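Student: Below is one structure. I have some questions about it.
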Amino acid sequence: MSSDFNTVSVEQLMDQILRSDTYSQLILQLQKDLNRAGMGHKINLNVLPEELFLEIEQLLLEKLNNAFNEYLNLLYAVDVSEKDIKNCKSEESKVIAKYATYLILRREWQKIYYRNTF
């Protein structure tokens, strides 16, 4: 797994999002990209950050094991860097899903941050 990813990284990312008051925008952007990727998954607007991470992780784990093309479509819709995905050296689905969830949430937050800043 990439050296810049761990539980602390996830917590720091979610704390940064919550401090910036963009959490609801993050959920809306994520829902938009889930729809663009052709996934019928709906996210509750009131979901807590920890629950959101677990929800996306579970969704990705299911897609990795049962609908790999949908997993790839979501990465493309979100615009996750292929280089970042390749940094995950594990072949274990659970680890890949956790890492991809982090990358997806990080990229979605970047979109929101840039939109609000520039």
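Scheme for the structure tokens: letters A, B, ... for chains in order shown; per-chain residue numbers from 1; ligand numbers from 1 in order shown.
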If we count only C-alpha atoms, what is near Thr101 of chain A at a cut-off of 8 Å, once residues fewer than 4 positions away on the same chain are taken out, given as a short mmCIF file (atom, residue, chain, number, x, y, z; two decimals) with C-alpha atoms, in the first residue's frame?
Tutor:
data_model
loop_
_atom_site.label_atom_id
_atom_site.label_comp_id
_atom_site.auth_asym_id
_atom_site.auth_seq_id
_atom_site.Cartn_x
_atom_site.Cartn_y
_atom_site.Cartn_z
CA PHE A 53 -16.15 5.91 4.55
CA ILE A 56 -18.14 3.55 0.16
CA GLU A 57 -15.59 0.93 1.18
CA LEU A 60 -16.22 -0.81 -3.65
CA ALA A 97 -11.32 -1.11 -1.38
CA LEU A 105 -12.99 10.87 -1.00
#
Student: Leaving out Leu54 of chain A and any residue of its chain fewer than 3 positions from it, which residues lie within 12 Å of it when counting only C-alpha atoms, given as a list in words?
Tutor: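 Listed by chain and then number, they are Val10, Ile43, Val47, Leu48, Pro49, Glu50, Glu51, Glu57, Gln58, Leu59, Leu60, Leu61, Lys94, Ala97, Lys98, Tyr99, Ala100, Thr101, Tyr102 and Leu105 of chain A.
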Student: Between A:Leu13, A:Ile112, A:Leu74, A:Ile96, which has the minimum distance to Gly40 of chain A (counting only C-alpha atoms)?
Tutor: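 The shortest atom-to-atom distance to Gly40 of chain A comes from A:Leu74.
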Student: Can you list, as a PyMOL selection string, every protein, DNA or RNA residue that comes within 10 Å of Tyr76 of chain A when you count only C-alpha atoms, leaving out same-chain residues fewer than 6 positions away?
Tutor: chain A and resi 33+36-37+70+82
Student: Please produce an output containing N, CA, C and O atoms for each residue in the selection, written as a PDB file, in the first residue's frame.
Tutor:
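What follows is the written file out.pdb:
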ATOM      1  N   ASP A  33     -21.195  11.623  -8.946  1.00  0.00           N
ATOM      2  CA  ASP A  33     -20.254  10.747  -9.645  1.00  0.00           C
ATOM      3  C   ASP A  33     -20.682   9.278  -9.582  1.00  0.00           C
ATOM      4  O   ASP A  33     -20.437   8.529 -10.522  1.00  0.00           O
ATOM      5  N   ARG A  36     -23.108   9.140 -12.368  1.00  0.00           N
ATOM      6  CA  ARG A  36     -22.413   9.173 -13.658  1.00  0.00           C
ATOM      7  C   ARG A  36     -21.766   7.834 -13.977  1.00  0.00           C
ATOM      8  O   ARG A  36     -21.632   7.463 -15.144  1.00  0.00           O
ATOM      9  N   ALA A  37     -21.357   7.101 -12.952  1.00  0.00           N
ATOM     10  CA  ALA A  37     -20.721   5.797 -13.140  1.00  0.00           C
ATOM     11  C   ALA A  37     -21.749   4.684 -13.346  1.00  0.00           C
ATOM     12  O   ALA A  37     -21.384   3.531 -13.551  1.00  0.00           O
ATOM     13  N   GLU A  70     -17.915  -1.708 -13.076  1.00  0.00           N
ATOM     14  CA  GLU A  70     -18.554  -0.614 -12.350  1.00  0.00           C
ATOM     15  C   GLU A  70     -17.556   0.074 -11.418  1.00  0.00           C
ATOM     16  O   GLU A  70     -17.583   1.295 -11.259  1.00  0.00           O
ATOM     17  N   GLU A  82      -4.705   7.090 -12.096  1.00  0.00           N
ATOM     18  CA  GLU A  82      -4.283   5.694 -12.280  1.00  0.00           C
ATOM     19  C   GLU A  82      -2.980   5.432 -11.528  1.00  0.00           C
ATOM     20  O   GLU A  82      -2.789   4.365 -10.950  1.00  0.00           O
TER      21      GLU A  82
END
Student: Have a look at A:Asp84, A:Gln25, A:Asn66, A:Lys89 and name the one nearest to Asn46 of chain A; count only C-alpha atoms.
Tutor: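 Once distances to Asn46 of chain A are computed over only C-alpha atoms, the minimum belongs to A:Gln25.
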Student: Find the distance between atom CA of Gly38 of chain A and atom CA of Lys83 of chain A and write it in Å to one decimal.
Tutor: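 So the answer is 23.5 Å.
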Student: Quick check, in Å to one decimal: how far apart do atom CA of Ser9 of chain A and atom CA of Leu75 of chain A lie?
Tutor: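 Separating atom CA of Ser9 of chain A from atom CA of Leu75 of chain A is a distance of 19.6 Å.
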Student: Based on the backbone DSSP call, show me all residues of chain A assigned alpha helix (DSSP H), as an mmCIF file with N, CA and C atoms, in the first residue's frame.
Tutor:
data_model
loop_
_atom_site.group_PDB
_atom_site.id
_atom_site.type_symbol
_atom_site.label_atom_id
_atom_site.label_comp_id
_atom_site.auth_asym_id
_atom_site.auth_seq_id
_atom_site.Cartn_x
_atom_site.Cartn_y
_atom_site.Cartn_z
ATOM 1 N N THR A 7 -4.672 4.915 8.534
ATOM 2 C CA THR A 7 -5.862 5.344 9.261
ATOM 3 C C THR A 7 -5.780 6.816 9.644
ATOM 4 N N VAL A 8 -4.592 7.279 9.990
ATOM 5 C CA VAL A 8 -4.411 8.682 10.349
ATOM 6 C C VAL A 8 -4.717 9.567 9.146
ATOM 7 N N SER A 9 -4.290 9.155 7.958
ATOM 8 C CA SER A 9 -4.570 9.927 6.744
ATOM 9 C C SER A 9 -6.066 10.071 6.521
ATOM 10 N N VAL A 10 -6.797 9.002 6.715
ATOM 11 C CA VAL A 10 -8.253 9.025 6.546
ATOM 12 C C VAL A 10 -8.871 9.984 7.557
ATOM 13 N N GLU A 11 -8.468 9.869 8.808
ATOM 14 C CA GLU A 11 -9.007 10.744 9.850
ATOM 15 C C GLU A 11 -8.665 12.204 9.577
ATOM 16 N N GLN A 12 -7.445 12.462 9.134
ATOM 17 C CA GLN A 12 -7.041 13.834 8.822
ATOM 18 C C GLN A 12 -7.858 14.395 7.665
ATOM 19 N N LEU A 13 -8.071 13.586 6.644
ATOM 20 C CA LEU A 13 -8.869 14.029 5.504
ATOM 21 C C LEU A 13 -10.286 14.372 5.939
ATOM 22 N N MET A 14 -10.917 13.495 6.697
ATOM 23 C CA MET A 14 -12.292 13.738 7.130
ATOM 24 C C MET A 14 -12.363 14.939 8.066
ATOM 25 N N ASP A 15 -11.391 15.108 8.940
ATOM 26 C CA ASP A 15 -11.356 16.286 9.819
ATOM 27 C C ASP A 15 -11.225 17.571 8.998
ATOM 28 N N GLN A 16 -10.370 17.534 7.998
ATOM 29 C CA GLN A 16 -10.174 18.703 7.141
ATOM 30 C C GLN A 16 -11.467 19.055 6.405
ATOM 31 N N ILE A 17 -12.160 18.061 5.912
ATOM 32 C CA ILE A 17 -13.424 18.288 5.212
ATOM 33 C C ILE A 17 -14.455 18.887 6.163
ATOM 34 N N LEU A 18 -14.573 18.315 7.347
ATOM 35 C CA LEU A 18 -15.554 18.812 8.318
ATOM 36 C C LEU A 18 -15.242 20.233 8.764
ATOM 37 N N ARG A 19 -13.969 20.552 8.950
ATOM 38 C CA ARG A 19 -13.583 21.908 9.362
ATOM 39 C C ARG A 19 -13.866 22.933 8.271
ATOM 40 N N TYR A 23 -18.697 19.337 3.841
ATOM 41 C CA TYR A 23 -19.074 17.920 3.910
ATOM 42 C C TYR A 23 -20.332 17.628 3.087
ATOM 43 N N SER A 24 -21.346 18.468 3.195
ATOM 44 C CA SER A 24 -22.577 18.224 2.430
ATOM 45 C C SER A 24 -22.311 18.333 0.927
ATOM 46 N N GLN A 25 -21.422 19.250 0.539
ATOM 47 C CA GLN A 25 -21.052 19.363 -0.869
ATOM 48 C C GLN A 25 -20.309 18.113 -1.338
ATOM 49 N N LEU A 26 -19.476 17.559 -0.451
ATOM 50 C CA LEU A 26 -18.752 16.329 -0.772
ATOM 51 C C LEU A 26 -19.729 15.192 -1.046
ATOM 52 N N ILE A 27 -20.732 15.062 -0.203
ATOM 53 C CA ILE A 27 -21.724 13.999 -0.386
ATOM 54 C C ILE A 27 -22.465 14.187 -1.702
ATOM 55 N N LEU A 28 -22.858 15.415 -2.016
ATOM 56 C CA LEU A 28 -23.563 15.684 -3.271
ATOM 57 C C LEU A 28 -22.681 15.384 -4.485
ATOM 58 N N GLN A 29 -21.404 15.751 -4.418
ATOM 59 C CA GLN A 29 -20.478 15.476 -5.523
ATOM 60 C C GLN A 29 -20.276 13.976 -5.675
ATOM 61 N N LEU A 30 -20.137 13.282 -4.568
ATOM 62 C CA LEU A 30 -19.971 11.833 -4.605
ATOM 63 C C LEU A 30 -21.198 11.164 -5.206
ATOM 64 N N GLN A 31 -22.384 11.621 -4.810
ATOM 65 C CA GLN A 31 -23.621 11.064 -5.365
ATOM 66 C C GLN A 31 -23.690 11.311 -6.867
ATOM 67 N N LYS A 32 -23.305 12.500 -7.279
ATOM 68 C CA LYS A 32 -23.297 12.841 -8.710
ATOM 69 C C LYS A 32 -22.385 11.890 -9.487
ATOM 70 N N ASP A 33 -21.195 11.623 -8.946
ATOM 71 C CA ASP A 33 -20.254 10.747 -9.645
ATOM 72 C C ASP A 33 -20.682 9.278 -9.582
ATOM 73 N N LEU A 34 -21.332 8.883 -8.503
ATOM 74 C CA LEU A 34 -21.896 7.526 -8.450
ATOM 75 C C LEU A 34 -22.944 7.356 -9.547
ATOM 76 N N ASN A 35 -23.772 8.369 -9.723
ATOM 77 C CA ASN A 35 -24.789 8.326 -10.779
ATOM 78 C C ASN A 35 -24.142 8.300 -12.161
ATOM 79 N N ARG A 36 -23.108 9.140 -12.368
ATOM 80 C CA ARG A 36 -22.413 9.173 -13.658
ATOM 81 C C ARG A 36 -21.766 7.834 -13.977
ATOM 82 N N PRO A 49 -19.316 11.031 8.808
ATOM 83 C CA PRO A 49 -18.106 10.776 8.019
ATOM 84 C C PRO A 49 -17.570 9.340 8.131
ATOM 85 N N GLU A 50 -17.557 8.797 9.350
ATOM 86 C CA GLU A 50 -17.059 7.428 9.529
ATOM 87 C C GLU A 50 -17.950 6.435 8.789
ATOM 88 N N GLU A 51 -19.241 6.671 8.848
ATOM 89 C CA GLU A 51 -20.196 5.794 8.167
ATOM 90 C C GLU A 51 -20.078 5.933 6.654
ATOM 91 N N LEU A 52 -19.818 7.152 6.183
ATOM 92 C CA LEU A 52 -19.646 7.369 4.751
ATOM 93 C C LEU A 52 -18.452 6.580 4.242
ATOM 94 N N PHE A 53 -17.351 6.649 4.964
ATOM 95 C CA PHE A 53 -16.152 5.912 4.548
ATOM 96 C C PHE A 53 -16.453 4.420 4.469
ATOM 97 N N LEU A 54 -17.094 3.883 5.506
ATOM 98 C CA LEU A 54 -17.416 2.448 5.518
ATOM 99 C C LEU A 54 -18.408 2.079 4.421
ATOM 100 N N GLU A 55 -19.373 2.945 4.156
ATOM 101 C CA GLU A 55 -20.368 2.694 3.115
ATOM 102 C C GLU A 55 -19.711 2.609 1.738
ATOM 103 N N ILE A 56 -18.820 3.555 1.448
ATOM 104 C CA ILE A 56 -18.140 3.548 0.155
ATOM 105 C C ILE A 56 -17.178 2.364 0.073
ATOM 106 N N GLU A 57 -16.498 2.084 1.149
ATOM 107 C CA GLU A 57 -15.589 0.931 1.180
ATOM 108 C C GLU A 57 -16.343 -0.369 0.887
ATOM 109 N N GLN A 58 -17.498 -0.559 1.511
ATOM 110 C CA GLN A 58 -18.306 -1.761 1.277
ATOM 111 C C GLN A 58 -18.805 -1.821 -0.168
ATOM 112 N N LEU A 59 -19.224 -0.681 -0.695
ATOM 113 C CA LEU A 59 -19.680 -0.611 -2.082
ATOM 114 C C LEU A 59 -18.550 -1.016 -3.031
ATOM 115 N N LEU A 60 -17.355 -0.478 -2.800
ATOM 116 C CA LEU A 60 -16.219 -0.806 -3.654
ATOM 117 C C LEU A 60 -15.809 -2.267 -3.526
ATOM 118 N N LEU A 61 -15.868 -2.791 -2.322
ATOM 119 C CA LEU A 61 -15.534 -4.195 -2.114
ATOM 120 C C LEU A 61 -16.484 -5.093 -2.901
ATOM 121 N N GLU A 62 -17.761 -4.763 -2.855
ATOM 122 C CA GLU A 62 -18.746 -5.536 -3.614
ATOM 123 C C GLU A 62 -18.482 -5.417 -5.118
ATOM 124 N N LYS A 63 -18.165 -4.211 -5.588
ATOM 125 C CA LYS A 63 -17.897 -4.010 -7.023
ATOM 126 C C LYS A 63 -16.606 -4.704 -7.444
ATOM 127 N N LEU A 64 -15.593 -4.678 -6.606
ATOM 128 C CA LEU A 64 -14.344 -5.364 -6.922
ATOM 129 C C LEU A 64 -14.568 -6.859 -7.116
ATOM 130 N N ASN A 65 -15.434 -7.428 -6.295
ATOM 131 C CA ASN A 65 -15.667 -8.870 -6.334
ATOM 132 C C ASN A 65 -16.736 -9.303 -7.331
ATOM 133 N N ASN A 66 -17.680 -8.409 -7.665
ATOM 134 C CA ASN A 66 -18.822 -8.841 -8.477
ATOM 135 C C ASN A 66 -19.072 -8.027 -9.742
ATOM 136 N N PHE A 68 -16.534 -5.604 -11.597
ATOM 137 C CA PHE A 68 -15.283 -4.866 -11.696
ATOM 138 C C PHE A 68 -15.390 -3.657 -12.632
ATOM 139 N N ASN A 69 -16.133 -3.780 -13.712
ATOM 140 C CA ASN A 69 -16.289 -2.650 -14.640
ATOM 141 C C ASN A 69 -16.964 -1.453 -13.971
ATOM 142 N N GLU A 70 -17.915 -1.708 -13.076
ATOM 143 C CA GLU A 70 -18.554 -0.614 -12.350
ATOM 144 C C GLU A 70 -17.556 0.074 -11.418
ATOM 145 N N TYR A 71 -16.686 -0.709 -10.806
ATOM 146 C CA TYR A 71 -15.611 -0.164 -9.968
ATOM 147 C C TYR A 71 -14.731 0.762 -10.805
ATOM 148 N N LEU A 72 -14.322 0.299 -11.978
ATOM 149 C CA LEU A 72 -13.483 1.116 -12.864
ATOM 150 C C LEU A 72 -14.223 2.363 -13.337
ATOM 151 N N ASN A 73 -15.514 2.219 -13.657
ATOM 152 C CA ASN A 73 -16.312 3.365 -14.083
ATOM 153 C C ASN A 73 -16.359 4.440 -13.004
ATOM 154 N N LEU A 74 -16.475 4.023 -11.750
ATOM 155 C CA LEU A 74 -16.511 4.996 -10.662
ATOM 156 C C LEU A 74 -15.167 5.712 -10.531
ATOM 157 N N LEU A 75 -14.080 4.968 -10.609
ATOM 158 C CA LEU A 75 -12.763 5.607 -10.536
ATOM 159 C C LEU A 75 -12.599 6.626 -11.659
ATOM 160 N N TYR A 76 -13.091 6.282 -12.834
ATOM 161 C CA TYR A 76 -13.019 7.193 -13.976
ATOM 162 C C TYR A 76 -13.918 8.420 -13.752
ATOM 163 N N ALA A 77 -15.137 8.199 -13.288
ATOM 164 C CA ALA A 77 -16.082 9.305 -13.065
ATOM 165 C C ALA A 77 -15.550 10.282 -12.017
ATOM 166 N N VAL A 78 -14.918 9.749 -10.996
ATOM 167 C CA VAL A 78 -14.376 10.588 -9.926
ATOM 168 C C VAL A 78 -13.075 11.254 -10.377
ATOM 169 N N GLU A 82 -4.705 7.090 -12.096
ATOM 170 C CA GLU A 82 -4.283 5.694 -12.280
ATOM 171 C C GLU A 82 -2.980 5.432 -11.528
ATOM 172 N N LYS A 83 -2.113 6.418 -11.506
ATOM 173 C CA LYS A 83 -0.847 6.304 -10.774
ATOM 174 C C LYS A 83 -1.104 6.066 -9.286
ATOM 175 N N ASP A 84 -2.064 6.802 -8.724
ATOM 176 C CA ASP A 84 -2.399 6.614 -7.310
ATOM 177 C C ASP A 84 -2.950 5.222 -7.047
ATOM 178 N N ILE A 85 -3.816 4.755 -7.935
ATOM 179 C CA ILE A 85 -4.380 3.413 -7.764
ATOM 180 C C ILE A 85 -3.281 2.357 -7.805
ATOM 181 N N LYS A 86 -2.327 2.525 -8.695
ATOM 182 C CA LYS A 86 -1.234 1.552 -8.831
ATOM 183 C C LYS A 86 -0.300 1.565 -7.631
ATOM 184 N N SER A 93 -8.650 -7.710 -1.738
ATOM 185 C CA SER A 93 -9.783 -6.848 -2.089
ATOM 186 C C SER A 93 -10.117 -5.852 -0.994
ATOM 187 N N LYS A 94 -10.091 -6.272 0.244
ATOM 188 C CA LYS A 94 -10.428 -5.389 1.371
ATOM 189 C C LYS A 94 -9.463 -4.203 1.449
ATOM 190 N N VAL A 95 -8.189 -4.464 1.260
ATOM 191 C CA VAL A 95 -7.177 -3.407 1.313
ATOM 192 C C VAL A 95 -7.341 -2.469 0.120
ATOM 193 N N ILE A 96 -7.574 -3.023 -1.050
ATOM 194 C CA ILE A 96 -7.765 -2.212 -2.258
ATOM 195 C C ILE A 96 -8.997 -1.323 -2.095
ATOM 196 N N ALA A 97 -10.086 -1.878 -1.575
ATOM 197 C CA ALA A 97 -11.321 -1.109 -1.383
ATOM 198 C C ALA A 97 -11.105 0.042 -0.404
ATOM 199 N N LYS A 98 -10.388 -0.206 0.671
ATOM 200 C CA LYS A 98 -10.121 0.837 1.671
ATOM 201 C C LYS A 98 -9.257 1.941 1.048
ATOM 202 N N TYR A 99 -8.232 1.547 0.318
ATOM 203 C CA TYR A 99 -7.340 2.525 -0.310
ATOM 204 C C TYR A 99 -8.079 3.327 -1.379
ATOM 205 N N ALA A 100 -8.867 2.656 -2.203
ATOM 206 C CA ALA A 100 -9.634 3.337 -3.255
ATOM 207 C C ALA A 100 -10.666 4.289 -2.643
ATOM 208 N N THR A 101 -11.261 3.908 -1.533
ATOM 209 C CA THR A 101 -12.215 4.782 -0.847
ATOM 210 C C THR A 101 -11.524 6.071 -0.411
ATOM 211 N N TYR A 102 -10.357 5.923 0.164
ATOM 212 C CA TYR A 102 -9.582 7.096 0.570
ATOM 213 C C TYR A 102 -9.300 7.990 -0.640
ATOM 214 N N LEU A 103 -8.852 7.390 -1.741
ATOM 215 C CA LEU A 103 -8.527 8.168 -2.942
ATOM 216 C C LEU A 103 -9.757 8.861 -3.512
ATOM 217 N N ILE A 104 -10.880 8.174 -3.515
ATOM 218 C CA ILE A 104 -12.123 8.752 -4.032
ATOM 219 C C ILE A 104 -12.552 9.946 -3.182
ATOM 220 N N LEU A 105 -12.577 9.773 -1.876
ATOM 221 C CA LEU A 105 -12.992 10.869 -0.999
ATOM 222 C C LEU A 105 -12.019 12.040 -1.075
ATOM 223 N N ARG A 106 -10.731 11.727 -1.175
ATOM 224 C CA ARG A 106 -9.731 12.792 -1.301
ATOM 225 C C ARG A 106 -9.937 13.571 -2.603
ATOM 226 N N ARG A 107 -10.174 12.859 -3.701
ATOM 227 C CA ARG A 107 -10.370 13.525 -4.997
ATOM 228 C C ARG A 107 -11.663 14.328 -5.021
ATOM 229 N N GLU A 108 -12.732 13.785 -4.445
ATOM 230 C CA GLU A 108 -13.999 14.516 -4.390
ATOM 231 C C GLU A 108 -13.834 15.796 -3.576
ATOM 232 N N TRP A 109 -13.099 15.715 -2.469
ATOM 233 C CA TRP A 109 -12.886 16.898 -1.662
ATOM 234 C C TRP A 109 -12.045 17.929 -2.419
ATOM 235 N N GLN A 110 -11.050 17.465 -3.183
ATOM 236 C CA GLN A 110 -10.252 18.393 -3.995
ATOM 237 C C GLN A 110 -11.146 19.151 -4.972
ATOM 238 N N LYS A 111 -12.072 18.462 -5.603
ATOM 239 C CA LYS A 111 -12.998 19.120 -6.539
ATOM 240 C C LYS A 111 -13.783 20.217 -5.832
ATOM 241 N N ILE A 112 -14.297 19.900 -4.657
ATOM 242 C CA ILE A 112 -15.089 20.860 -3.877
ATOM 243 C C ILE A 112 -14.206 22.025 -3.443
ATOM 244 N N TYR A 113 -13.035 21.728 -2.957
ATOM 245 C CA TYR A 113 -12.116 22.761 -2.491
ATOM 246 C C TYR A 113 -11.776 23.730 -3.625
ATOM 247 N N TYR A 114 -11.405 23.192 -4.786
ATOM 248 C CA TYR A 114 -11.049 24.052 -5.922
ATOM 249 C C TYR A 114 -12.231 24.865 -6.403
ATOM 250 N N ARG A 115 -13.401 24.266 -6.426
ATOM 251 C CA ARG A 115 -14.604 24.973 -6.851
ATOM 252 C C ARG A 115 -14.906 26.146 -5.917
ATOM 253 N N ASN A 116 -14.715 25.940 -4.629
ATOM 254 C CA ASN A 116 -15.009 26.991 -3.653
ATOM 255 C C ASN A 116 -13.902 28.029 -3.523
ATOM 256 N N THR A 117 -12.685 27.685 -3.932
ATOM 257 C CA THR A 117 -11.548 28.561 -3.764
ATOM 258 C C THR A 117 -11.295 29.421 -4.994
#
